[in-house]
Structure formats: C-alpha cells, structure tokens
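Asker: Shown below is the structure under consideration.
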Amino acid sequence: MRASTSGQNVQETQLQTRPGVDLVLEANDDWKIQEIGFDGVERYLKPESFTDHVGTLARKVEWTKLVGSQSPYENSKVDPEEEFDDENVAKGSQNGKSADFVTPEAGPWSVVAKQLHESLNQLNILLDDMSVIKNTDYMKALTVLDPITVQEPSMEFINTNRGNQWIWKRRALQEAVQVLDNATKQRQRALVNLGLSADYIAHLQRTQFFEELKEMREIWRVRKTGDYIYGDLSYHIFGWKYDTPNIFDISRRSFSNKTENSSLSIIEVSVPKDLAKRSMIAVSIVKDEMDAGKLFRDPKAKKYKYTYKENDAEKVEVLHWKDSLKWAQNTLLLRDTFSNLCKDAIKLRNRLSIIRDNVLLISLFDDYLLRFELQWFPFEHGEIKEEGDVYLNRVLREMIIGFECTKFIRPQFFCSMPVTHLPENLDLRGCGAMTSVQIEDRSVRPRSILERVLDVAAHHQLTQIVANVALKISESIDPMVQHRWLNCGRNFSRLMFNLNSKDYESFMGTVRSVFFANVSSYEVEVEAKDGIKIKCQRDPKRILYALQYSVCCYSVSMVSVLSRNQWLSPFQTMDANIYALDNNGMTAPNIILCNQAATRSILFIFHVGQEPEVFVRKFIVNERTSKPEEHKWRKLNYHKLSGMSLCKKVDSLLSYLRDG
Amino acid sequence: MENLIDIDEEATRPQLSINSTPYQTQECVLYGSIFSKHVPDLERRLAGLCDPGCEEFFEHEMSFCLRSLASSDVKTDIKLRRRFRTDHQIQNYWQLRYIGVPEPDQKCPTIIRKEISSLVHSSDMMTYAKALGLRMDYEYMTQGKLWTKGNIKILHSSLTKSIRPGNYDSSSIKSISDSSLVEISISLPESAEYMPAAKTLRDFADQLMPLCSMEKVDYWKKMFSTATPARK
C-alpha cells in the first residue's frame, strides 16, 4: 500500500467510478485434481483463497499506466503535504473529531477497502440472519421426512377469539358485496347496451340453466358425477335406480346466435337413442273370424314402426326436455310392459297366444281374442290418436302404475328379522301363528298384469253383450221391461230388470217383478228374486232366453193375480207350472183357470220369446164320464182379444167368461 | 275358465315358500357408525337411495349365552329381543334369535353368518330362558329407523342402556355413546349362493361413503375376551 501512495490522487479519481468487489455467495467449487499418484491417491489443487484472488487482481493492474512511466516505483519522493495529510488524519482521529475514523479514506485502496468493509458487513448480516434462522424453532426448514403437525386452534380459542370472528364476518361480507357488485355492474352494463352485452347474456343463460335444472329436479332424478350431469329415466319407485341404459345426459345448449328464439330451453338432454320415439299400447278385443280384418300388422306397412334415424337428430335436439323426457320414459315403460305381457302370455299355458311384430294376441274366451299392440310414433310434437278400447287402455295403464307403486317387501315385527313378502295379516306369530300350509292357502297369490287385464277385458266384453241383450229385451212394451246397472265393477257387475204392466200397477203388489243379471269375468247368470239362478255362460242367445223366460214367469203370476180379482167373480187357479214344457220340449210356463161356476177352463201357455197362446174348453166335471170330443181345447186368437196389453186382454176375457 | 286346470299353480308355489320367511337363514351384514348429530344427514341420504318410507322401532335386546361346565370357553350366543311398543296389541312378543359364527371367507366383502330366529308369544319369557340354562351377558336398547331397498335392509339406531336393570322407563335410560350404529344386511335362504348378494350389499354400502364407512368388522375376534363378569 505504501508503494502506491505517490499516485494516490490519480488512483482515487479512477477508482471512485469503479464498483466494489462483486460478492457472490455460492457453493465451493470442487477441488481440481492436480495429479493422481501411482498409489491411487488424488492430489488436489488447492483453490485460491480470497487473498490470492485479490493478489491476482492486483497483479493485473498496470501501474505504469496509472502512475505514468516517469514516476519511480520507490517511495523516494515523498510529498510532505501528503505526509502532513496523513498526520492530520491521524491527529483528527486521535482527537475524536471525526466519527469516520474507522473508514480509511486515504490511500489508493481506500475505496476498495470501503467496498470490502461494506461487503463484510453484509456478510455479517447474512450470518446473523442464518444464525437466527437456525436457532429459532418456528423458522426451521422442514425436510421431506419431517411429519407435519399442524396445531389446530381449539374450538374454544376460535370461539373466544373475537378478532377471528370479525375477520370471518368481514370476509363473508366482502364476498357478498362482490356478488352484489357484479350483479349491479352487469345490470348497468346491460342497461347501457340495451341488454345485449355478451357478459350479461352469458350471465342470464347461466342463471336460467340452474333454474331449469332446479325445475327438472322436481320431476326427474338428477345426479352429478365429476363434470357430468345426468338423469334417470327409469320409472321404478322401489329397488335400484340409475340403470345405465336408462340414463339421459344433461348439457347446456350453446346458442350460436344470441338473439335466437328464447322458446328453446337452455337445458339440452340427450335421451338414449332407442327410446327416442313416442309409443302407445292399444288394447282391443277382436273376434277371431274370417271377416275380422287383419289381426296382425301388414309387414310392409310403415305405420307404428318408427325407429330413430340419424337424420332426425336435429329435430330431436330442438325438443323441450319436458316433452322429450316424458315421451322417452313412456316408451321405456311401455316397452317393458309389453315384454312383460309377452313373458306372462308364454307362461299362461292354458291360453293360446301369438306374438308377432309388436302385436300380442291372446285368447279371451270362446272366439274372442285380446289384442295388445305396441305402437311407435315419431319423436315429435303432435296429437296421437288413441286406438283400441279406451277403457281397456286406461285399465292397463292403471294396473302398470299400481304395480309400480306397490311395495312388496315389508320388514317384519322385529327389525332384526328378515324382510318378507307376506302380507301383515298372514304374519301372525305366537299363539295366533299359522302353519306354512295355512299361510300358503290364505295368501293371495300375486297375479300377473296380463291375467288381470284378461279378466277385466272378459268382463268388459260380457257386460257389452249383456247390455245389448238388455236393450233388445227392453224394446218389449208388454210387459214393460226396464233395466238398471246396480253395480259396475272391474270383475263383477249386476244388472237389475224391472217389469211393469201398464194400468195394472195396483195388482202388482205381490208379484215378483224384479230379476237380476250377474256378470262376472267368466259367465253371466240371470237371478230371480228368490235366488234361483240360471247360468247362461257367455252366450247372448241363452241370456236372451233366460231373460224372456223370467218375463214369462212374471206373466204367469200376473194372470193368476188378475184371476183373483175381487170385483169380478174370482176365478180359481187349477194349475200353474213355470217349469212346463211345450210340444217341442222348450220351457213354456202355463196356467189353467176355472170360473166360479165351474163351466169353463182357460189355459194360458207362455212360450219363451213368443206370443202367449190362449185356450178355452168346457170344464170337466167328472173325468170318467166326460167325452173327449166335448172337451176339446179351443185356441183363441190372441190378437183378436180385446185390449192392447196382456193384462187388459186377460181382464176382458175373464169378465166375458165369468158366468159363461 | 274354471273348468281348465291351471298348470301354473304349481309353479308359483315354491316361489311363495321362499317369500314366506324361512326358519333358518343366512345373512350378509356390514356395520358402521356415525355421530348422532350427523344422523339427519344420513337419513337424507337414505331417503334419496332407499325405497320411500321408513319404519321406526324401539327395541330391547338381551344377549344370553349357554355355557356348559366342562368347557367354559365354548358358548352359544342367543339374542332375545322385545319391542317397546304397545300400540297395537303386540305385548309379550319376543324374538329369540341365534346368531352363528361368521363364515371364514376372506374374499367375501361382508360378514356372512347363519341366523335362526323365531318369534315367541309368552308372558314369562325370562322364566323360560332361565329354565333353558341361559345366562344374560349384557342388554341394551336400540331406537332408530329401518329402511329398505329391495331386499336390502338398513338400520340405524342409537344404543342406550338402563342404569337400573329391570327398569326401562325414560328416566333410567342412559345413552351408551354419542354415536349411532348403522347396520346393512340382506337375508338369504340357508344354502343360497351369497357372493352376488354380498357384492350388491357392498356396492350399496359404498354409496354412504363420505358419511359413514361400512365395514366388515371382525367382531368375533374379541368375542371371548369380553363379558366375563357373568361368570362366577
């Protein structure tokens, strides 16, 4: 240092512009290998220490340039002023006048020293920092292996800490404020842009989407897994849901044009392609005859045979989800129902059935067939004309829904007992217990929908037959027949017939003027009021015959009542037989009367379904002495008897023959 | 139609006897527990998953065992249940239930065990139990709800015990813990293949996952270490 004091001024000016020594903290370089000995020992080149480094740097300085070539290297020409300066400095420091004593200002290295000092200071600070870091627990760096134990503040602490609560509240408020701000901003912008800003539209669409989703959730089962929102089309109330083939996807419709018609729903659903059609099951009763028309479908006809094609995709897309989901579920329901009906039809081995082209024909009774047809229509708006018998369609529908709504499984008396299918009334335990044989005898066996529909259809058909017959018999005015449905059920109906003779109502007090027709699913029977039943099976002719026979019985009793008329001299009833047969062996109730004077006997024969025959002869006093030619029955012409009705005719005939 | 012989009559008969509860069954069970305060969440979840409607129950269960003098370690567990509900003439009904040792099937995701239960109507059941040589191990009361989904049965119940044994009024009943017991089970006929049913049960149980984890608990491992106080 001393060596260069002579050129200090020049050096100072030069060095002030120079930056200090760059200090870089970095990892030590690996020691370089100088040589590897023959014994395999590596000898390292010792890296330069800081002083060495400074030395090399110092060596690089070209002193001649800095000082000038003339200046001698030796300290021969010592400037006294400079010495004095040095002394001054020394003195000043000794006097404590200058606080900057520590910082050496003299000499060509003073700047370097200053920089060095500063650098060392920085190093010290760094060292301090590191020691603080090292000694303080919470600032310790963790290694990967260290277990992280986060101390949760206890609940009490959180509760008591009012500051936390304030922070939470403020945060919640801020969030709310943000949402509100956003809304007002959007609204203002919308107002400015007449409601057409892109942001606003997007915002609107988002809100609309969620609102519609909410609406959809009220009717449909909707679920989200990952990023997918999907719904369930299956109609089962009990058991497993979300069956894969019956799932529809929900997505948001992206409107390419913002001003597009808003009638489209923002929610777009994609129903399974095989369900993308509308369907209907038409149930009808057909007669198996030559002229019954086509019982099966024409295989070439396209009607009811719609299937989804790719080119319909656009049409399907624009449908509102409310419609498309409803239709698709209906299709699923009817498809399942039809296949179940077919399965049941195959199981019913005592009924013939044929299945072809979505048409199921199954024998109902005699030559009537029940026909189920599954019809498919395009997946679009429009009225579908209901075919088949409306009543039966509805009954089938109701049965399907009823089946779906029935819970067949029931927990038992104690919750730990297994679930059971038995109804509660058969699940008697303890002293009232039943044996399994009793249980099986008493339990109502579940009947398939098909069987029940068959019963209902058969009953429906029989009631129609009976109604037709009843209409026919009601045409007669003598006696007047009125009919009335007493009871109309699914499987049993009862029809009441009321007979009435005009103008002679006063005589009818004791006469049985009422009879019934009971219609079940299997047969029709005509029941008199005294409980005698006439089975008619399912034959309309026999029903008509039974009804007419009942009318004849009524006529017999009517005649006998009239004959006992108190104002006229009463006739005696000699004989009355409602089970009598005529010459052809057909039932023909008859009655024989005799007048008070025992001179005439009158015979009425009521042929079923025909006009009554009236015969008159002289009364046989003594059967042994009487001659058959004198006592011949003489037939009277029924039409020529005076009066319009039977009662009137009988009345006038009796009054004529009273004394004769 | 009445004159025709219904051949199908025969076919429905065996099905019905399956439906009617057989005497001996095997059941697949999974157990789990949930804090009582979270039970409403579980109920909401179950309402979404299960068949509509649930049944409440309040039952008293006593566990008995039969010990022979020679080998005191081997014992037969018999559970006796009665119901605390007297609204429709169901007093004095008892369920006597034997629960077998679980099958040692490692692959099966649920506990499989044989179960025999019979319902008894008796006014002095305890005398009968005593006469059989049964001794009571422990007793508790369960109160909860029963849900079904198909033939899966889901029970969740809170367990309580009586401070004074023999008194079961509301004043002496104390809750055992603040958790509720959840039990999911399927009953199968005795010799039926249980694997498919066990898998469906497991699938169903996994749907309760974030609320309640249903496990195949190895409860029988602790079976011999508990309930020693009854022995004298």
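Letters for chains follow the order of the structure tokens (A, B, ...), residue numbers begin at 1 for each chain, and ligand numbers begin at 1 in the order shown.
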Contacts from chain A to chain B, 9 Å maximum, only C-alpha atoms: show me the residue list as a PyMOL selection string.
Answerer: chain A and resi 237-241+347-350+365+407-411+413-422+427+429-432+436+439-440+445-446+522
Asker: Among the residues of segment 525-605 of chain A, find those DSSP assigns to helix (DSSP H, G or I) from the backbone and print them as a PyMOL selection string.
Answerer: chain A and resi 540-563
Asker: Write out as JSON, numbers by chain which residues come within 12 Å of Glu314 of chain A when counting only C-alpha atoms, dropping same-chain ones fewer than 3 positions away.
Answerer: {"A": [268, 270, 308, 309, 310, 311, 317, 318, 319, 379, 380]}
Asker: Can you work out the spacing between atom CA of Leu341 of chain A and atom CA of Pro423 of chain A in Å, to one decimal?
Answerer: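 So the two atoms, atom CA of Leu341 of chain A and atom CA of Pro423 of chain A, lie 25.1 Å apart.
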Asker: Write down as a JSON list (two decimals) with C-alpha atoms, in the first residue's frame the residues belonging to segment 357-544 of chain A that are assigned strand (DSSP E) by DSSP computed on the backbone.
Answerer:
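Below you can see result-v7.json, which holds the result:
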[["chain", "number", "residue", "atom", "x", "y", "z"],
["A", 359, "VAL", "CA", -98.65, -57.48, -31.56],
["A", 360, "LEU", "CA", -99.73, -59.91, -28.89],
["A", 361, "LEU", "CA", -102.90, -61.91, -29.45],
["A", 362, "ILE", "CA", -104.20, -63.98, -26.59],
["A", 363, "SER", "CA", -107.44, -65.90, -26.39],
["A", 364, "LEU", "CA", -110.00, -64.28, -24.18],
["A", 365, "PHE", "CA", -112.95, -66.66, -24.30],
["A", 368, "TYR", "CA", -112.77, -63.56, -28.77],
["A", 369, "LEU", "CA", -109.14, -62.52, -28.68],
["A", 370, "LEU", "CA", -107.47, -59.80, -26.71],
["A", 371, "ARG", "CA", -105.06, -57.84, -28.81],
["A", 372, "PHE", "CA", -102.19, -55.76, -27.47],
["A", 373, "GLU", "CA", -100.36, -53.64, -29.95],
["A", 374, "LEU", "CA", -97.24, -51.64, -29.17],
["A", 375, "GLN", "CA", -97.17, -48.67, -31.49],
["A", 376, "TRP", "CA", -94.23, -46.42, -32.18],
["A", 377, "PHE", "CA", -94.57, -42.88, -33.44],
["A", 480, "MET", "CA", -142.60, -53.10, -19.96],
["A", 481, "VAL", "CA", -139.01, -54.06, -19.14],
["A", 482, "GLN", "CA", -136.67, -51.52, -17.63],
["A", 483, "HIS", "CA", -133.09, -52.22, -16.74],
["A", 484, "ARG", "CA", -130.63, -50.50, -14.49],
["A", 485, "TRP", "CA", -126.98, -51.18, -13.58],
["A", 486, "LEU", "CA", -126.85, -51.79, -9.86],
["A", 487, "ASN", "CA", -123.18, -52.40, -9.62],
["A", 488, "CYS", "CA", -120.44, -51.79, -12.14],
["A", 493, "SER", "CA", -121.39, -56.15, -12.43],
["A", 494, "ARG", "CA", -125.03, -56.57, -11.64],
["A", 495, "LEU", "CA", -127.93, -55.54, -13.78],
["A", 496, "MET", "CA", -131.45, -55.19, -12.45],
["A", 497, "PHE", "CA", -134.54, -55.71, -14.59],
["A", 498, "ASN", "CA", -137.82, -54.27, -13.54],
["A", 499, "LEU", "CA", -141.11, -55.42, -15.11],
["A", 500, "ASN", "CA", -144.17, -53.28, -15.22],
["A", 514, "VAL", "CA", -137.68, -57.83, -10.38],
["A", 515, "PHE", "CA", -134.87, -60.06, -11.52],
["A", 516, "PHE", "CA", -131.16, -59.62, -11.98],
["A", 517, "ALA", "CA", -128.34, -60.46, -14.33],
["A", 518, "ASN", "CA", -124.95, -61.04, -12.72],
["A", 519, "VAL", "CA", -121.97, -60.55, -14.99],
["A", 524, "VAL", "CA", -123.46, -64.39, -17.00],
["A", 525, "GLU", "CA", -126.24, -65.66, -14.82],
["A", 526, "VAL", "CA", -129.82, -64.50, -14.51],
["A", 527, "GLU", "CA", -131.03, -64.46, -10.97],
["A", 528, "ALA", "CA", -134.66, -64.36, -9.91],
["A", 533, "LYS", "CA", -130.03, -68.71, -10.83],
["A", 534, "ILE", "CA", -129.94, -69.55, -14.48],
["A", 535, "LYS", "CA", -126.44, -69.93, -15.84]]
Asker: In Å, how far is it from atom CA of Val283 of chain A to atom CA of Val453 of chain A?
Answerer: 9.6 Å
Asker: Expressed in Å to a single decimal, how great is the separation between atom CA of Leu646 of chain A and atom CA of Asp478 of chain A?
Answerer: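 Atom CA of Asp478 of chain A lies at a distance of 6.7 Å from atom CA of Leu646 of chain A.
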Asker: A:Glu35, A:Asp129, A:Asp232, A:Asp288: which is nearest Leu325 of chain A, counting only C-alpha atoms?
Answerer: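 Using only C-alpha atoms, the shortest distance to Leu325 of chain A belongs to A:Asp232.
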Asker: Env of segment 608-613 of chain A: 10 Å cut, atoms = only C-alpha atoms, seq-sep filter 4 positions within chain, self excluded. Answer as a tab-separated table (two decimals) with N, CA and C atoms, in the first residue's frame.
Answerer:
chain	number	residue	atom	x	y	z
A	473	ILE	N	-134.31	-56.62	-25.10
A	473	ILE	CA	-135.49	-57.06	-24.34
A	473	ILE	C	-136.27	-55.86	-23.83
A	544	LEU	N	-130.59	-64.01	-23.57
A	544	LEU	CA	-131.89	-63.50	-24.02
A	544	LEU	C	-133.00	-64.46	-23.62
A	545	TYR	N	-132.73	-65.76	-23.81
A	545	TYR	CA	-133.72	-66.78	-23.48
A	545	TYR	C	-134.06	-66.73	-22.00
A	546	ALA	N	-133.02	-66.62	-21.16
A	546	ALA	CA	-133.24	-66.61	-19.71
A	546	ALA	C	-134.05	-65.38	-19.30
A	547	LEU	N	-133.74	-64.27	-19.95
A	547	LEU	CA	-134.46	-63.04	-19.61
A	547	LEU	C	-135.93	-63.18	-20.01
A	548	GLN	N	-136.13	-63.73	-21.21
A	548	GLN	CA	-137.52	-63.87	-21.68
A	548	GLN	C	-138.29	-64.86	-20.82
A	549	TYR	N	-137.57	-65.88	-20.38
A	549	TYR	CA	-138.23	-66.86	-19.51
A	549	TYR	C	-138.69	-66.19	-18.22
A	550	SER	N	-137.82	-65.30	-17.69
A	550	SER	CA	-138.20	-64.59	-16.47
A	550	SER	C	-139.43	-63.74	-16.71
A	551	VAL	N	-139.51	-63.18	-17.91
A	551	VAL	CA	-140.69	-62.36	-18.24
A	551	VAL	C	-141.93	-63.24	-18.28
A	552	CYS	N	-141.79	-64.46	-18.83
A	552	CYS	CA	-142.92	-65.39	-18.90
A	552	CYS	C	-143.41	-65.75	-17.51
A	553	CYS	N	-142.45	-66.00	-16.60
A	553	CYS	CA	-142.84	-66.32	-15.23
A	553	CYS	C	-143.65	-65.17	-14.62
A	555	SER	N	-145.46	-63.13	-16.29
A	555	SER	CA	-146.79	-63.10	-16.91
A	555	SER	C	-147.71	-64.11	-16.24
A	586	MET	N	-139.44	-77.24	-25.31
A	586	MET	CA	-138.94	-75.99	-24.77
A	586	MET	C	-139.76	-75.59	-23.55
A	587	THR	N	-139.14	-74.85	-22.68
A	587	THR	CA	-139.84	-74.39	-21.49
A	587	THR	C	-140.97	-73.46	-21.89
A	588	ALA	N	-142.14	-73.69	-21.32
A	588	ALA	CA	-143.28	-72.83	-21.60
A	588	ALA	C	-144.17	-72.80	-20.37
A	589	PRO	N	-144.04	-71.88	-19.49
A	589	PRO	CA	-144.87	-71.80	-18.30
A	589	PRO	C	-146.35	-71.69	-18.69
A	590	ASN	N	-147.18	-72.37	-17.95
A	590	ASN	CA	-148.60	-72.29	-18.28
A	590	ASN	C	-149.43	-72.17	-17.01
A	603	LEU	N	-156.75	-71.90	-20.51
A	603	LEU	CA	-155.33	-72.28	-20.44
A	603	LEU	C	-154.49	-71.20	-21.11
A	604	PHE	N	-153.51	-70.73	-20.41
A	604	PHE	CA	-152.55	-69.77	-21.00
A	604	PHE	C	-151.20	-70.48	-21.10
A	635	LYS	N	-158.44	-72.97	-29.36
A	635	LYS	CA	-157.45	-71.90	-29.29
A	635	LYS	C	-158.10	-70.58	-29.67
A	636	LEU	N	-157.86	-69.56	-28.89
A	636	LEU	CA	-158.37	-68.23	-29.22
A	636	LEU	C	-157.26	-67.44	-29.91
A	637	ASN	N	-157.66	-66.61	-30.81
A	637	ASN	CA	-156.68	-65.76	-31.47
A	637	ASN	C	-156.28	-64.63	-30.51
A	638	TYR	N	-155.02	-64.66	-30.15
A	638	TYR	CA	-154.54	-63.71	-29.14
A	638	TYR	C	-154.71	-62.27	-29.58
A	639	HIS	N	-154.47	-62.08	-30.91
A	639	HIS	CA	-154.55	-60.72	-31.43
A	639	HIS	C	-155.96	-60.16	-31.38
A	646	LEU	N	-151.38	-57.57	-22.39
A	646	LEU	CA	-151.76	-58.90	-21.92
A	646	LEU	C	-152.78	-58.79	-20.81
Asker: Which one is closest to Pro479 of chain A: A:Leu396, A:Val112, A:Met644, A:Met130? Count only C-alpha atoms.
Answerer: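 Comparing A:Leu396, A:Val112, A:Met644, A:Met130 against Pro479 of chain A, the winner is A:Met644.
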Asker: In terms of the shortest atom-to-atom distance over only C-alpha atoms, which of B:Arg44, B:Tyr23, B:Lys216, B:Cys28 is closest to Leu96 of chain B?
Answerer: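 Selected residue with least distance to Leu96 of chain B: B:Tyr23.
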